[in-house]
>>> print(open('start_19.cif').read())   # mmCIF, C-alpha atoms and all ligand atoms
data_coords
#
loop_
_atom_site.label_atom_id
_atom_site.label_comp_id
_atom_site.auth_asym_id
_atom_site.auth_seq_id
_atom_site.Cartn_x
_atom_site.Cartn_y
_atom_site.Cartn_z
CA MET A 1199 84.91 93.89 107.31
CA ASP A 1200 82.86 91.69 109.53
CA PHE A 1201 82.07 92.74 113.07
CA GLN A 1202 81.45 96.37 113.96
CA SER A 1203 80.33 97.98 117.21
CA CYS A 1204 79.91 101.60 118.24
CA VAL A 1205 79.79 103.66 121.41
CA THR A 1206 78.13 107.03 121.68
CA ILE A 1207 80.26 109.87 123.05
CA GLN A 1208 78.05 112.34 124.84
CA LYS A 1209 79.27 112.75 128.38
CA GLU A 1210 82.69 112.81 129.92
CA TRP A 1211 82.41 109.27 131.23
CA ASP A 1212 81.87 107.92 127.71
CA ILE A 1213 85.57 108.68 127.08
CA VAL A 1214 86.49 106.08 129.70
CA GLY A 1215 83.80 103.68 128.42
CA ALA A 1216 85.08 103.93 124.85
CA ARG A 1217 88.72 103.30 125.69
CA GLN A 1218 87.84 100.35 127.95
CA MET A 1219 85.71 98.81 125.21
CA GLY A 1220 88.48 99.41 122.66
CA ARG A 1221 91.06 97.83 124.90
CA ASN A 1222 88.90 94.74 125.38
CA ILE A 1223 88.36 94.36 121.64
CA ALA A 1224 92.10 94.83 121.01
CA LYS A 1225 92.86 92.14 123.59
CA GLU A 1226 90.38 89.74 121.99
CA ILE A 1227 91.93 90.31 118.59
CA GLY A 1228 95.28 89.35 120.10
CA PHE A 1229 97.19 92.60 120.61
CA GLY A 1230 99.87 92.59 123.34
CA THR A 1231 99.71 94.85 126.40
CA VAL A 1232 101.77 97.67 124.94
CA ASP A 1233 99.64 97.88 121.81
CA GLN A 1234 96.51 97.61 123.95
CA ALA A 1235 97.70 100.69 125.85
CA ARG A 1236 98.49 102.49 122.57
CA ILE A 1237 95.05 101.70 121.16
CA ALA A 1238 93.23 102.67 124.36
CA THR A 1239 95.17 105.94 124.53
CA ALA A 1240 94.40 106.78 120.90
CA ILE A 1241 90.70 106.15 121.53
CA SER A 1242 90.82 108.33 124.61
CA GLU A 1243 92.26 111.22 122.57
CA LEU A 1244 89.72 110.83 119.77
CA ALA A 1245 86.78 110.50 122.15
CA ARG A 1246 87.84 113.52 124.19
CA ASN A 1247 88.17 115.62 121.03
CA ILE A 1248 84.61 114.64 120.07
CA TYR A 1249 83.35 115.52 123.53
CA LEU A 1250 85.25 118.83 123.68
CA TYR A 1251 84.92 120.16 120.15
CA ALA A 1252 81.85 118.51 118.65
CA GLY A 1253 79.76 117.93 121.77
CA SER A 1254 78.75 114.46 120.71
CA GLY A 1255 79.50 111.75 118.21
CA GLU A 1256 80.48 108.13 118.13
CA ILE A 1257 83.44 105.79 118.08
CA CYS A 1258 83.13 102.57 116.11
CA PHE A 1259 85.36 99.54 116.18
CA GLU A 1260 86.00 97.01 113.51
CA ARG A 1261 87.96 93.76 113.54
CA LEU A 1262 90.17 93.70 110.50
CA GLU A 1263 91.27 90.41 109.00
CA THR A 1264 93.11 89.73 105.78
CA ILE A 1265 94.80 86.51 104.67
CA ASP A 1266 98.05 87.39 106.36
CA ARG A 1267 97.24 89.84 109.12
CA LYS A 1268 94.81 90.93 111.80
CA GLY A 1269 94.11 94.34 113.18
CA ILE A 1270 91.68 96.86 114.54
CA GLY A 1271 89.97 99.76 112.79
CA ILE A 1272 88.64 102.68 114.79
CA TYR A 1273 86.35 105.36 113.43
CA ALA A 1274 85.68 108.61 115.30
CA ILE A 1275 82.70 110.33 113.75
CA ASP A 1276 80.96 113.57 114.66
CA LYS A 1277 78.69 116.19 113.15
CA GLY A 1278 80.46 119.01 114.95
CA PRO A 1279 82.01 122.23 113.62
CA GLY A 1280 84.74 120.50 111.61
CA MET A 1281 88.25 121.89 111.17
CA GLU A 1282 89.37 124.72 108.97
CA GLU A 1283 92.88 123.55 108.35
CA VAL A 1284 93.52 119.88 108.82
CA SER A 1285 97.27 120.35 108.34
CA ARG A 1286 97.44 122.78 111.29
CA VAL A 1287 95.75 120.47 113.77
CA MET A 1288 98.33 117.82 112.91
CA GLU A 1289 101.15 120.05 114.16
CA ASP A 1290 102.55 119.07 117.54
CA GLY A 1291 101.46 121.63 120.08
CA PHE A 1292 98.59 123.11 118.08
CA SER A 1293 95.59 123.49 120.36
CA THR A 1294 92.56 125.76 120.42
CA SER A 1295 91.73 124.75 123.98
CA GLY A 1296 94.91 125.18 126.00
CA GLY A 1297 95.61 121.45 125.84
CA LEU A 1298 99.05 120.03 125.15
CA GLY A 1299 98.07 119.72 121.49
CA ALA A 1300 99.61 116.27 121.59
CA GLY A 1301 96.32 114.56 120.83
CA LEU A 1302 96.04 114.15 117.06
CA PRO A 1303 99.75 114.03 116.15
CA GLY A 1304 100.11 111.59 119.05
CA VAL A 1305 97.29 109.39 117.76
CA LYS A 1306 99.02 109.27 114.40
CA ARG A 1307 102.23 108.04 116.05
CA LEU A 1308 100.39 105.51 118.22
CA MET A 1309 98.59 103.88 115.29
CA ASP A 1310 99.75 102.45 111.94
CA GLU A 1311 97.31 104.20 109.65
CA PHE A 1312 95.63 107.56 110.09
CA ASP A 1313 93.15 109.42 107.96
CA ILE A 1314 91.14 112.52 108.62
CA VAL A 1315 88.25 113.98 106.66
CA SER A 1316 86.76 117.18 107.98
CA GLU A 1317 84.42 119.75 106.59
CA VAL A 1318 83.64 123.05 108.28
CA GLY A 1319 80.05 123.08 109.50
CA LYS A 1320 79.54 119.43 108.66
CA GLY A 1321 81.74 117.39 110.92
CA THR A 1322 84.81 115.23 111.17
CA LYS A 1323 85.62 111.60 110.53
CA ILE A 1324 88.92 110.21 111.69
CA THR A 1325 89.91 106.67 110.74
CA VAL A 1326 92.81 104.88 112.38
CA MET A 1327 94.07 101.33 112.11
CA LYS A 1328 96.60 99.18 113.86
CA TRP A 1329 97.91 95.80 112.81
CA ILE A 1330 99.31 92.99 114.94
CA ARG A 1331 103.03 92.55 114.28
CA MET B 165 84.63 109.34 142.76
CA ARG B 166 87.36 110.59 145.13
CA ILE B 167 90.92 109.30 145.28
CA PRO B 168 92.05 108.68 148.88
CA ILE B 169 95.04 110.70 150.07
CA LEU B 170 96.92 109.17 153.01
CA LYS B 171 99.13 111.09 155.39
CA LEU B 172 102.31 109.51 156.74
CA HIS B 173 104.47 111.74 158.95
CA ASN B 174 105.08 114.80 156.78
CA TYR B 175 104.37 112.98 153.53
CA LEU B 176 101.20 112.39 151.57
CA LEU B 177 100.74 109.06 149.79
CA ILE B 178 98.36 108.42 146.95
CA SER B 179 97.86 105.20 145.06
CA ILE B 180 95.68 105.61 142.01
CA GLN B 181 93.70 102.39 141.60
CA ILE B 182 90.99 103.38 139.13
CA ASP B 183 90.68 104.28 135.47
CA LEU B 184 90.80 108.06 135.76
CA ASP B 185 88.09 110.05 134.06
CA ASP B 186 88.62 113.77 133.56
CA LYS B 187 86.44 114.90 136.46
CA THR B 188 88.08 112.57 138.93
CA ALA B 189 91.50 113.74 137.78
CA ILE B 190 90.61 117.42 138.27
CA GLN B 191 88.96 116.68 141.62
CA PHE B 192 92.11 114.87 142.71
CA GLN B 193 94.26 117.87 141.73
CA GLU B 194 92.13 120.12 143.92
CA ASP B 195 91.96 117.65 146.82
CA LEU B 196 95.72 117.17 146.84
CA LEU B 197 96.49 120.90 146.90
CA ASN B 198 94.00 121.43 149.73
CA LYS B 199 95.49 118.54 151.67
CA ILE B 200 99.03 119.91 151.22
CA HIS B 201 97.81 123.26 152.49
CA LYS B 202 95.99 121.84 155.51
CA SER B 203 98.58 119.28 156.55
CA GLY B 204 101.71 121.27 155.76
CA SER B 205 103.21 118.21 154.09
CA THR B 206 106.50 118.73 152.29
CA GLY B 207 106.55 115.60 150.17
CA VAL B 208 104.03 113.67 148.06
CA VAL B 209 104.27 110.31 146.34
CA ILE B 210 101.71 109.47 143.67
CA ASP B 211 101.90 105.79 142.83
CA LEU B 212 100.71 104.86 139.35
CA THR B 213 101.40 101.11 139.46
CA SER B 214 97.75 100.25 138.77
CA VAL B 215 97.23 102.87 136.08
CA ASP B 216 97.18 101.27 132.65
CA ILE B 217 96.47 104.37 130.60
CA ILE B 218 97.73 107.94 130.72
CA ASP B 219 96.44 110.06 127.86
CA SER B 220 97.33 113.68 127.11
CA PHE B 221 94.71 115.06 129.47
CA ILE B 222 95.72 112.96 132.46
CA ALA B 223 99.38 113.68 131.68
CA LYS B 224 98.63 117.39 131.75
CA VAL B 225 96.78 117.11 135.06
CA LEU B 226 99.66 115.15 136.60
CA GLY B 227 102.31 117.53 135.26
CA ASP B 228 100.30 120.50 136.50
CA VAL B 229 99.78 119.07 139.96
CA VAL B 230 103.53 118.56 140.30
CA MET B 231 104.16 122.22 139.40
CA MET B 232 101.35 123.53 141.58
CA SER B 233 102.54 121.52 144.58
CA ASP B 234 106.04 122.80 143.96
CA LEU B 235 104.75 126.37 144.10
CA MET B 236 103.20 125.58 147.45
CA GLY B 237 106.44 124.12 148.73
CA ALA B 238 105.80 120.39 148.42
CA LYS B 239 107.84 118.01 146.25
CA VAL B 240 105.93 115.38 144.28
CA VAL B 241 107.38 112.13 142.97
CA LEU B 242 105.46 109.90 140.54
CA THR B 243 106.16 106.21 140.97
CA GLY B 244 105.42 102.89 139.29
CA ILE B 245 104.69 104.05 135.74
CA GLN B 246 104.08 100.84 133.75
CA PRO B 247 106.30 100.04 130.74
CA ALA B 248 103.34 100.18 128.35
CA VAL B 249 102.31 103.55 129.75
CA ALA B 250 105.85 104.93 129.43
CA MET B 251 106.04 103.84 125.78
CA THR B 252 102.64 105.29 125.02
CA LEU B 253 103.54 108.64 126.59
CA ILE B 254 106.65 108.93 124.42
CA ASP B 255 104.60 108.11 121.28
CA LEU B 256 102.17 110.82 122.32
CA GLY B 257 105.11 113.21 122.52
CA ILE B 258 104.75 113.78 126.24
CA HIS B 259 108.02 113.73 128.11
CA LEU B 260 107.14 114.98 131.60
CA HIS B 261 110.63 116.52 131.67
CA ASN B 262 110.54 118.28 134.99
CA VAL B 263 108.61 115.62 136.81
CA PRO B 264 110.55 113.55 139.35
CA THR B 265 109.85 109.82 139.01
CA ALA B 266 110.94 106.62 140.71
CA LEU B 267 110.49 102.91 140.08
CA ASP B 268 108.27 102.16 143.04
CA LEU B 269 106.85 103.58 146.24
CA GLU B 270 109.94 102.69 148.26
CA GLN B 271 112.31 104.36 145.78
CA GLY B 272 109.93 107.30 145.65
CA LEU B 273 110.14 107.83 149.40
CA ILE B 274 113.94 107.57 149.28
CA LYS B 275 114.04 110.14 146.48
CA LEU B 276 111.79 112.50 148.41
CA ARG B 277 113.92 112.23 151.52
CA GLN B 278 117.04 113.01 149.47
CA GLU B 279 115.45 115.98 147.73
CA LEU B 280 114.09 117.42 150.93
CA GLU B 281 117.34 117.06 152.83
CA GLU B 282 119.41 118.80 150.17
N1 LIG C 1 86.44 116.31 116.32
C1 LIG C 1 86.88 117.57 116.17
N2 LIG C 1 86.06 118.54 115.68
C2 LIG C 1 86.52 119.81 115.51
N3 LIG C 1 87.77 120.22 115.84
C3 LIG C 1 88.63 119.32 116.35
C4 LIG C 1 88.23 117.94 116.53
N4 LIG C 1 89.31 117.26 117.02
C5 LIG C 1 90.31 118.16 117.14
N5 LIG C 1 89.92 119.41 116.75
C6 LIG C 1 90.75 120.62 116.69
O1 LIG C 1 92.10 120.22 116.53
C7 LIG C 1 92.93 120.80 117.54
C8 LIG C 1 94.04 119.85 117.89
O2 LIG C 1 93.54 118.67 118.50
P1 LIG C 1 94.49 117.81 119.45
O3 LIG C 1 93.70 116.68 120.01
O4 LIG C 1 95.72 117.48 118.66
O5 LIG C 1 94.92 118.85 120.57
P2 LIG C 1 94.03 119.42 121.78
O6 LIG C 1 92.77 118.62 121.91
O7 LIG C 1 93.86 120.87 121.58
O8 LIG C 1 94.97 119.18 123.02
P3 LIG C 1 95.26 117.76 123.75
O9 LIG C 1 94.58 116.67 122.96
O10 LIG C 1 96.74 117.61 123.77
O11 LIG C 1 94.69 117.91 125.13
C9 LIG C 1 91.98 121.10 118.68
O12 LIG C 1 92.45 122.15 119.49
C10 LIG C 1 90.70 121.47 117.94
O13 LIG C 1 90.72 122.83 117.53
MG MG C 2 92.75 116.51 121.96
#
>>> encode(input="start_19.cif", output="structure tokens")
Amino acid sequence: MDFQSCVTIQKEWDIVGARQMGRNIAKEIGFGTVDQARIATAISELARNIYLYAGSGEICFERLETIDRKGIGIYAIDKGPGMEEVSRVMEDGFSTSGGLGAGLPGVKRLMDEFDIVSEVGKGTKITVMKWIR
Amino acid sequence: MRIPILKLHNYLLISIQIDLDDKTAIQFQEDLLNKIHKSGSTGVVIDLTSVDIIDSFIAKVLGDVVMMSDLMGAKVVLTGIQPAVAMTLIDLGIHLHNVPTALDLEQGLIKLRQELEE
């Protein structure tokens, strides 16, 4: 729990900014190219969801370090409409916007740990982590 | 930002060299369809060698543009998808089943020629 940095997601271009920043941090931590791509893609999905469904929010990054492993923590936070049924949005193909609905279930597969807290009318916080193997 | 579309005989060649944001991707879709219409091209190669991320949105745009071009009568081949990108797409659950692909630009052109001659 040492270093943390955040990017604001407000306009479409921030999606690209967030994933590029995330990729750079992942590289610095020591992730290989494939994991860098996985992390950047996960960030892209989370940031786009914020942009599309909440309008604005932020993505924060954290360098994780324990005695025996290193990793990255990513937090996608918004004060948007929230989700009524968290279990539904985790189904492959579920989309309220005509998307592929691959986003959230995909993010879960791309990362090692996934947690979602959402309250209707209050907002959503999604936490994901990935560890270096 | 606009992605350049080159014409070579009756083919169109595109090499995507930038990190695609959503607007650029949609603009590209429109530009390509217009160019197919104007030039009467029958084959298109989209080279993705320099693309190091394809998320679900970009995947959808690419899959759609292949189908749309097909409707217009032009075959599209995607080439040069990086290993990391291929692995990420499968994790995302995106298989691009009906999308013709090839290892590189050269293979892509060979594949197009074969498909068009059949
Ligand atoms: N931050 C959020 N706030 C409110 N609702 C959300 C948020 N993120 C996702 N959702 C809801 O969850 C659904 C599923 O999201 P997911 O990212 O899996 O698919 P999608 O965005 O619809 O399509 P894709 O990501 O494949 O383009 C969305 O359609 C939306 O209704
Ligand atoms: Mg999504």
>>> residues_around(input="start_19.cif", residues="Leu176 in chain B", least_positions_apart="3", cutoff="9 Å", atoms="only C-alpha atoms", output="list of chain:residue names")
B:Ile169, B:Leu170, B:Lys171, B:Leu172, B:His173, B:Leu196, B:Lys199, B:Ile200, B:Ser203, B:Ser205, B:Thr206, B:Gly207, B:Val208, B:Val209, B:Ile210
>>> write_last_selection(input="start_19.cif", atoms="C-alpha atoms", output="mmCIF file, in the coordinates of the input")
data_model
loop_
_atom_site.group_PDB
_atom_site.id
_atom_site.type_symbol
_atom_site.label_atom_id
_atom_site.label_comp_id
_atom_site.auth_asym_id
_atom_site.auth_seq_id
_atom_site.Cartn_x
_atom_site.Cartn_y
_atom_site.Cartn_z
ATOM 1 C CA ILE B 169 95.040 110.700 150.070
ATOM 2 C CA LEU B 170 96.920 109.170 153.010
ATOM 3 C CA LYS B 171 99.130 111.090 155.390
ATOM 4 C CA LEU B 172 102.310 109.510 156.740
ATOM 5 C CA HIS B 173 104.470 111.740 158.950
ATOM 6 C CA LEU B 196 95.720 117.170 146.840
ATOM 7 C CA LYS B 199 95.490 118.540 151.670
ATOM 8 C CA ILE B 200 99.030 119.910 151.220
ATOM 9 C CA SER B 203 98.580 119.280 156.550
ATOM 10 C CA SER B 205 103.210 118.210 154.090
ATOM 11 C CA THR B 206 106.500 118.730 152.290
ATOM 12 C CA GLY B 207 106.550 115.600 150.170
ATOM 13 C CA VAL B 208 104.030 113.670 148.060
ATOM 14 C CA VAL B 209 104.270 110.310 146.340
ATOM 15 C CA ILE B 210 101.710 109.470 143.670
#
>>> residues_near_ligand(input="start_19.cif", ligand="ligand LIG 1 (chain C)", cutoff="9 Å", atoms="only C-alpha atoms and all ligand atoms", output="PyMOL selection string")
(chain A and resi 1243-1253+1255+1274-1284+1286-1305+1316+1318+1321-1324) or (chain B and resi 219-222+224+256)
>>> atom_distance(input="start_19.cif", atom1="CA of Ala1238 in chain A", atom2="CA of Ile182 in chain B")
15.0 Å
>>> interface_residues(input="start_19.cif", of="chain A", to="chain B", cutoff="6 Å", atoms="only C-alpha atoms", output="list in words")
Val1232, Arg1236, Thr1239, Gly1304, Arg1307 and Leu1308 of chain A
>>> write_last_selection(input="start_19.cif", atoms="C-alpha atoms", output="short mmCIF file (atom, residue, chain, number, x, y, z; two decimals), in the coordinates of the input")
data_model
loop_
_atom_site.label_atom_id
_atom_site.label_comp_id
_atom_site.auth_asym_id
_atom_site.auth_seq_id
_atom_site.Cartn_x
_atom_site.Cartn_y
_atom_site.Cartn_z
CA VAL A 1232 101.77 97.67 124.94
CA ARG A 1236 98.49 102.49 122.57
CA THR A 1239 95.17 105.94 124.53
CA GLY A 1304 100.11 111.59 119.05
CA ARG A 1307 102.23 108.04 116.05
CA LEU A 1308 100.39 105.51 118.22
#
>>> atom_distance(input="start_19.cif", atom1="CA of Gln1234 in chain A", atom2="CA of Asp268 in chain B")
22.9 Å
>>> closest_residue(input="start_19.cif", among="A:Ser1285, A:Ser1242, A:Thr1325, A:Ser1254", to="ligand MG 2 (chain C)", atoms="only C-alpha atoms and all ligand atoms")
A:Ser1242
>>> atom_distance(input="start_19.cif", atom1="CA of Lys275 in chain B", atom2="CA of Val241 in chain B")
7.8 Å
>>> residues_around(input="start_19.cif", residues="Ile1227 in chain A", least_positions_apart="4", cutoff="8 Å", atoms="all atoms listed in the file", output="PyMOL selection string")
chain A and resi 1223+1261+1268-1270
>>> build_atoms(input="start_19.cif", residues="range 241-256 of chain B", atoms="N, CA, C and O atoms", output="CSV table (one decimal), in the frame of the given file")
chain,number,residue,atom,x,y,z
B,241,VAL,N,106.7,113.1,143.8
B,241,VAL,CA,107.4,112.1,143.0
B,241,VAL,C,106.3,111.2,142.4
B,241,VAL,O,105.4,110.7,143.2
B,242,LEU,N,106.4,110.9,141.1
B,242,LEU,CA,105.5,109.9,140.5
B,242,LEU,C,106.2,108.6,140.5
B,242,LEU,O,107.3,108.5,140.1
B,243,THR,N,105.5,107.5,140.9
B,243,THR,CA,106.2,106.2,141.0
B,243,THR,C,105.4,105.1,140.2
B,243,THR,O,104.1,105.3,140.1
B,244,GLY,N,106.1,104.1,139.8
B,244,GLY,CA,105.4,102.9,139.3
B,244,GLY,C,104.8,103.0,137.9
B,244,GLY,O,103.9,102.2,137.6
B,245,ILE,N,105.3,103.9,137.1
B,245,ILE,CA,104.7,104.0,135.7
B,245,ILE,C,105.0,102.8,135.0
B,245,ILE,O,106.1,102.3,134.9
B,246,GLN,N,103.9,102.1,134.5
B,246,GLN,CA,104.1,100.8,133.8
B,246,GLN,C,104.8,101.0,132.4
B,246,GLN,O,104.7,102.1,131.8
B,247,PRO,N,105.6,100.0,132.0
B,247,PRO,CA,106.3,100.0,130.7
B,247,PRO,C,105.4,100.5,129.6
B,247,PRO,O,105.8,101.3,128.8
B,248,ALA,N,104.2,99.9,129.5
B,248,ALA,CA,103.3,100.2,128.4
B,248,ALA,C,102.9,101.6,128.4
B,248,ALA,O,102.8,102.3,127.4
B,249,VAL,N,102.7,102.1,129.6
B,249,VAL,CA,102.3,103.6,129.8
B,249,VAL,C,103.5,104.5,129.4
B,249,VAL,O,103.3,105.5,128.7
B,250,ALA,N,104.7,104.1,129.8
B,250,ALA,CA,105.8,104.9,129.4
B,250,ALA,C,106.0,105.0,127.9
B,250,ALA,O,106.3,106.1,127.3
B,251,MET,N,105.9,103.9,127.2
B,251,MET,CA,106.0,103.8,125.8
B,251,MET,C,105.0,104.7,125.1
B,251,MET,O,105.2,105.4,124.1
B,252,THR,N,103.8,104.5,125.6
B,252,THR,CA,102.6,105.3,125.0
B,252,THR,C,102.8,106.8,125.2
B,252,THR,O,102.6,107.6,124.3
B,253,LEU,N,103.3,107.2,126.3
B,253,LEU,CA,103.5,108.6,126.6
B,253,LEU,C,104.6,109.2,125.6
B,253,LEU,O,104.4,110.3,125.1
B,254,ILE,N,105.6,108.4,125.4
B,254,ILE,CA,106.6,108.9,124.4
B,254,ILE,C,106.1,109.0,123.0
B,254,ILE,O,106.3,110.0,122.3
B,255,ASP,N,105.3,108.0,122.6
B,255,ASP,CA,104.6,108.1,121.3
B,255,ASP,C,103.7,109.4,121.2
B,255,ASP,O,103.6,110.0,120.2
B,256,LEU,N,103.0,109.6,122.3
B,256,LEU,CA,102.2,110.8,122.3
B,256,LEU,C,103.0,112.1,122.2
B,256,LEU,O,102.5,113.2,121.9
